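All remarks here apply to the structure that follows.
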Amino acid sequence: MSDPLPPHAEPTVSLSNEAEVRKILQSSVSSLWDAVNELTRLRPTKRERFNVSIFGSARIEPGDRLYHEVKHMAHGLADLNCGIITGGGPGLMQAANEGASLADDCKVDCSVGIRVQLPFEQVANPFVQAQYEHKTFFTRLHHFVVMSDAFVVVPGGIGSVLEAMTIWQLLQVGHLKGAPLIFVGQMWEELVEWARKNMLDEQLQLASAKDMDIPFCASSAREVIDIIKQAQSRWSSQPTTPDSKE
């Protein structure tokens, strides 16, 4: 005769019982997400630096005018004691990390790369001083959100669109608060105008007019730096415990 189950104990399930095994797996995965969501509520008491994530193309070569402009912009932000965070790859990500590394007070957390495993990008660009590795774009994007106080989107492809739209939506629904989202360049101005034209159509009303005012559109590094300076000033005056992000 087998021992009775202790109070509230669940009976064991044979691996041959596919329906019950599936239920247990689904319940366990859901519990894991609950644990992850709880852990991501934690924040450092106060960071030493105001961190700016810069999203942009991996395809722009160092000799390109756009590469130079992004490097100059990142250098100016790093001189304000901003940490510069990129995807750690080549192109405009490298330009931003290179610009950060030129700052007089550039320390190990000044030029950061948050990478994702890709078959065609094996190593971080040479200007990354601190790097993190992710296996999925999902966890990588969340890492950007957790680490950053502002987001700058320079010209880029599908990956940059994904990053830009994620931040825009988090700001729209209030899961991210107080962090400026800055679009740099004509392609992003046209994207905002497309969204305004199509999503605010009177017959559809797919968004609110205030949603279109979330991103700043800038045409120069000077404009970006001015917006970041104002946001950094507000950040510096916040209480010790950061409540601006959920």
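Here, A, B, ... name the chains of the structure tokens in the order displayed, residue numbers run from 1 inside each chain, and ligands are numbered from 1 in the same displayed order.
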Write out as an mmCIF file with C-alpha atoms, in the first residue's frame which residues come within 10 Å of segment 161-178 of chain A when counting only C-alpha atoms, dropping same-chain ones fewer than 4 positions away.
data_model
loop_
_atom_site.group_PDB
_atom_site.id
_atom_site.type_symbol
_atom_site.label_atom_id
_atom_site.label_comp_id
_atom_site.auth_asym_id
_atom_site.auth_seq_id
_atom_site.Cartn_x
_atom_site.Cartn_y
_atom_site.Cartn_z
ATOM 1 C CA ILE A 54 21.068 55.159 -29.962
ATOM 2 C CA PHE A 55 19.401 52.909 -32.548
ATOM 3 C CA GLY A 56 20.551 52.889 -36.159
ATOM 4 C CA PHE A 137 15.499 40.365 -29.663
ATOM 5 C CA LEU A 141 14.851 45.212 -26.293
ATOM 6 C CA HIS A 142 13.694 44.937 -22.704
ATOM 7 C CA PHE A 144 17.469 48.694 -23.560
ATOM 8 C CA VAL A 145 14.307 49.884 -21.817
ATOM 9 C CA VAL A 146 15.595 49.002 -18.342
ATOM 10 C CA ASP A 149 16.685 57.289 -19.884
ATOM 11 C CA ALA A 150 16.340 58.545 -23.469
ATOM 12 C CA PHE A 151 16.198 57.030 -26.954
ATOM 13 C CA VAL A 152 17.618 58.450 -30.177
ATOM 14 C CA VAL A 153 16.743 56.807 -33.498
ATOM 15 C CA VAL A 154 19.011 57.644 -36.425
ATOM 16 C CA PRO A 155 18.528 56.263 -39.970
ATOM 17 C CA GLY A 156 18.199 52.506 -39.961
ATOM 18 C CA GLY A 157 16.426 49.497 -41.382
ATOM 19 C CA ILE A 182 13.989 61.434 -30.649
ATOM 20 C CA PHE A 183 13.787 60.637 -34.358
ATOM 21 C CA TRP A 188 11.519 59.311 -39.493
ATOM 22 C CA LEU A 191 7.088 57.952 -40.748
ATOM 23 C CA ALA A 207 -4.732 56.443 -32.466
ATOM 24 C CA SER A 208 -5.063 59.663 -30.499
ATOM 25 C CA LYS A 210 -1.486 63.141 -28.550
ATOM 26 C CA ASP A 211 0.178 59.849 -29.578
ATOM 27 C CA MET A 212 1.655 61.635 -32.585
ATOM 28 C CA ASP A 213 3.286 64.183 -30.278
ATOM 29 C CA ILE A 214 5.281 61.559 -28.366
ATOM 30 C CA PRO A 215 8.381 61.459 -30.595
ATOM 31 C CA ALA A 231 15.762 65.658 -20.066
ATOM 32 C CA ARG A 234 14.865 66.840 -15.134
ATOM 33 C CA TRP A 235 16.393 63.432 -14.388
ATOM 34 C CA ASP A 243 9.713 55.852 -10.366
ATOM 35 C CA SER A 244 9.698 56.977 -13.975
ATOM 36 C CA LYS A 245 9.601 53.501 -15.538
ATOM 37 C CA GLU A 246 7.391 50.493 -14.903
#
Among segment 21-149 of chain A, which residues carry a DSSP assignment of strand (DSSP E or B), reported as a ChimeraX atom specification? /A:50-55,82-86,111-116,118,121,130-134
What lies within 7 Å of Phe50 of chain A using only C-alpha atoms, ignoring chain neighbours under 6 positions off, as a count of residues only? 4
Nearby residues (only C-alpha atoms) at most 7 Å from Ile84 of chain A, same-chain spacing under 5 positions excluded, as a PyMOL selection string: chain A and resi 51-53+74+78+97+100+110-112
Quick one: write out the picked residues with N, CA and C atoms as a PDB file, in the first residue's frame?
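Once written, again-v9.pdb looks like this:
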ATOM      1  N   ASN A  51      21.562  57.694 -19.207  1.00  0.00           N
ATOM      2  CA  ASN A  51      21.898  56.806 -20.316  1.00  0.00           C
ATOM      3  C   ASN A  51      21.032  57.070 -21.538  1.00  0.00           C
ATOM      4  N   VAL A  52      21.683  57.137 -22.692  1.00  0.00           N
ATOM      5  CA  VAL A  52      20.991  57.377 -23.960  1.00  0.00           C
ATOM      6  C   VAL A  52      21.233  56.192 -24.891  1.00  0.00           C
ATOM      7  N   SER A  53      20.152  55.529 -25.303  1.00  0.00           N
ATOM      8  CA  SER A  53      20.271  54.477 -26.313  1.00  0.00           C
ATOM      9  C   SER A  53      20.172  55.099 -27.693  1.00  0.00           C
ATOM     10  N   ALA A  74      27.149  61.558 -30.576  1.00  0.00           N
ATOM     11  CA  ALA A  74      27.426  60.733 -29.400  1.00  0.00           C
ATOM     12  C   ALA A  74      28.557  61.322 -28.561  1.00  0.00           C
ATOM     13  N   ALA A  78      28.206  62.290 -24.699  1.00  0.00           N
ATOM     14  CA  ALA A  78      29.126  61.726 -23.702  1.00  0.00           C
ATOM     15  C   ALA A  78      29.854  62.833 -22.939  1.00  0.00           C
ATOM     16  N   ASN A  97      29.260  54.417 -30.480  1.00  0.00           N
ATOM     17  CA  ASN A  97      30.215  53.948 -29.473  1.00  0.00           C
ATOM     18  C   ASN A  97      31.571  54.635 -29.636  1.00  0.00           C
ATOM     19  N   ALA A 100      31.302  58.124 -28.184  1.00  0.00           N
ATOM     20  CA  ALA A 100      31.315  58.083 -26.717  1.00  0.00           C
ATOM     21  C   ALA A 100      32.722  57.891 -26.183  1.00  0.00           C
ATOM     22  N   CYS A 110      30.523  54.137 -20.102  1.00  0.00           N
ATOM     23  CA  CYS A 110      30.189  55.255 -20.996  1.00  0.00           C
ATOM     24  C   CYS A 110      29.811  54.760 -22.383  1.00  0.00           C
ATOM     25  N   SER A 111      30.387  53.669 -22.847  1.00  0.00           N
ATOM     26  CA  SER A 111      30.149  53.144 -24.186  1.00  0.00           C
ATOM     27  C   SER A 111      29.751  51.678 -24.073  1.00  0.00           C
ATOM     28  N   VAL A 112      28.457  51.411 -24.200  1.00  0.00           N
ATOM     29  CA  VAL A 112      27.898  50.089 -23.897  1.00  0.00           C
ATOM     30  C   VAL A 112      27.293  49.481 -25.157  1.00  0.00           C
TER      31      VAL A 112
END
So the first atom is atom CA of Gly159 of chain A and the second is atom CA of Gln230 of chain A; what is the distance between them in Å, to one decimal place?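 Taking atom CA of Gly159 of chain A and atom CA of Gln230 of chain A, their separation equals 27.9 Å.
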Out of segment 90-215 of chain A, which residues get alpha helix (DSSP H) from DSSP, as an MDAnalysis selection string? chainID A and resid 92:101 137:147 158:173 186:199
Residue neighbourhood Arg222 of chain A, 10 Å, only C-alpha atoms, exclusion window fewer than 4 positions, as a list in words: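 Listing them by chain and then by number gives His72, Met73, Gly76, Leu77, Ala218, Asp226, Ile227 and Ile228 of chain A.
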Keeping only C-alpha atoms, take the residues you just selected and write them out as a JSON list (two decimals), in the first residue's frame.
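As a result, selection-v3.json now contains:
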[["chain", "number", "residue", "atom", "x", "y", "z"],
["A", 72, "HIS", "CA", 29.84, 63.73, -33.39],
["A", 73, "MET", "CA", 26.42, 63.58, -31.73],
["A", 76, "GLY", "CA", 28.63, 65.62, -27.55],
["A", 77, "LEU", "CA", 26.26, 63.55, -25.41],
["A", 218, "ALA", "CA", 15.24, 66.47, -34.99],
["A", 226, "ASP", "CA", 19.55, 70.28, -26.58],
["A", 227, "ILE", "CA", 16.60, 67.91, -26.01],
["A", 228, "ILE", "CA", 18.78, 65.49, -24.06]]
What is the distance, in Å and to one decimal place, between atom CA of Ala96 of chain A and atom CA of Ser236 of chain A?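 That distance, rounded to one decimal, is 23.1 Å.
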Mind pulling up the distance from atom CA of Cys106 of chain A to atom CA of Ala124 of chain A?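 So the answer is 18.0 Å.
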Pick from A:Ser219, A:Ser233, A:Gln238, A:Ser31, whichever lies nearest to Val70 of chain A using only C-alpha atoms: A:Ser219
Measuring atom to atom with only C-alpha atoms, identify which of A:Ser160, A:Gln131, A:Gln117, A:Thr139 is nearest to Ile85 of chain A.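 Closest to Ile85 of chain A, using only C-alpha atoms: A:Gln131.
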Which is closest to His134 of chain A among A:Met147, A:Ile114, A:Ala19, A:Val224, if we use only C-alpha atoms? A:Ile114
Find the residues around Gly63 of chain A up to 12 Å (only C-alpha atoms counted), leave out those fewer than 5 positions away in its own chain, and share them as a list in words. His68, Glu69, Val70, Lys71, Gly91, Leu92 and Ala95 of chain A
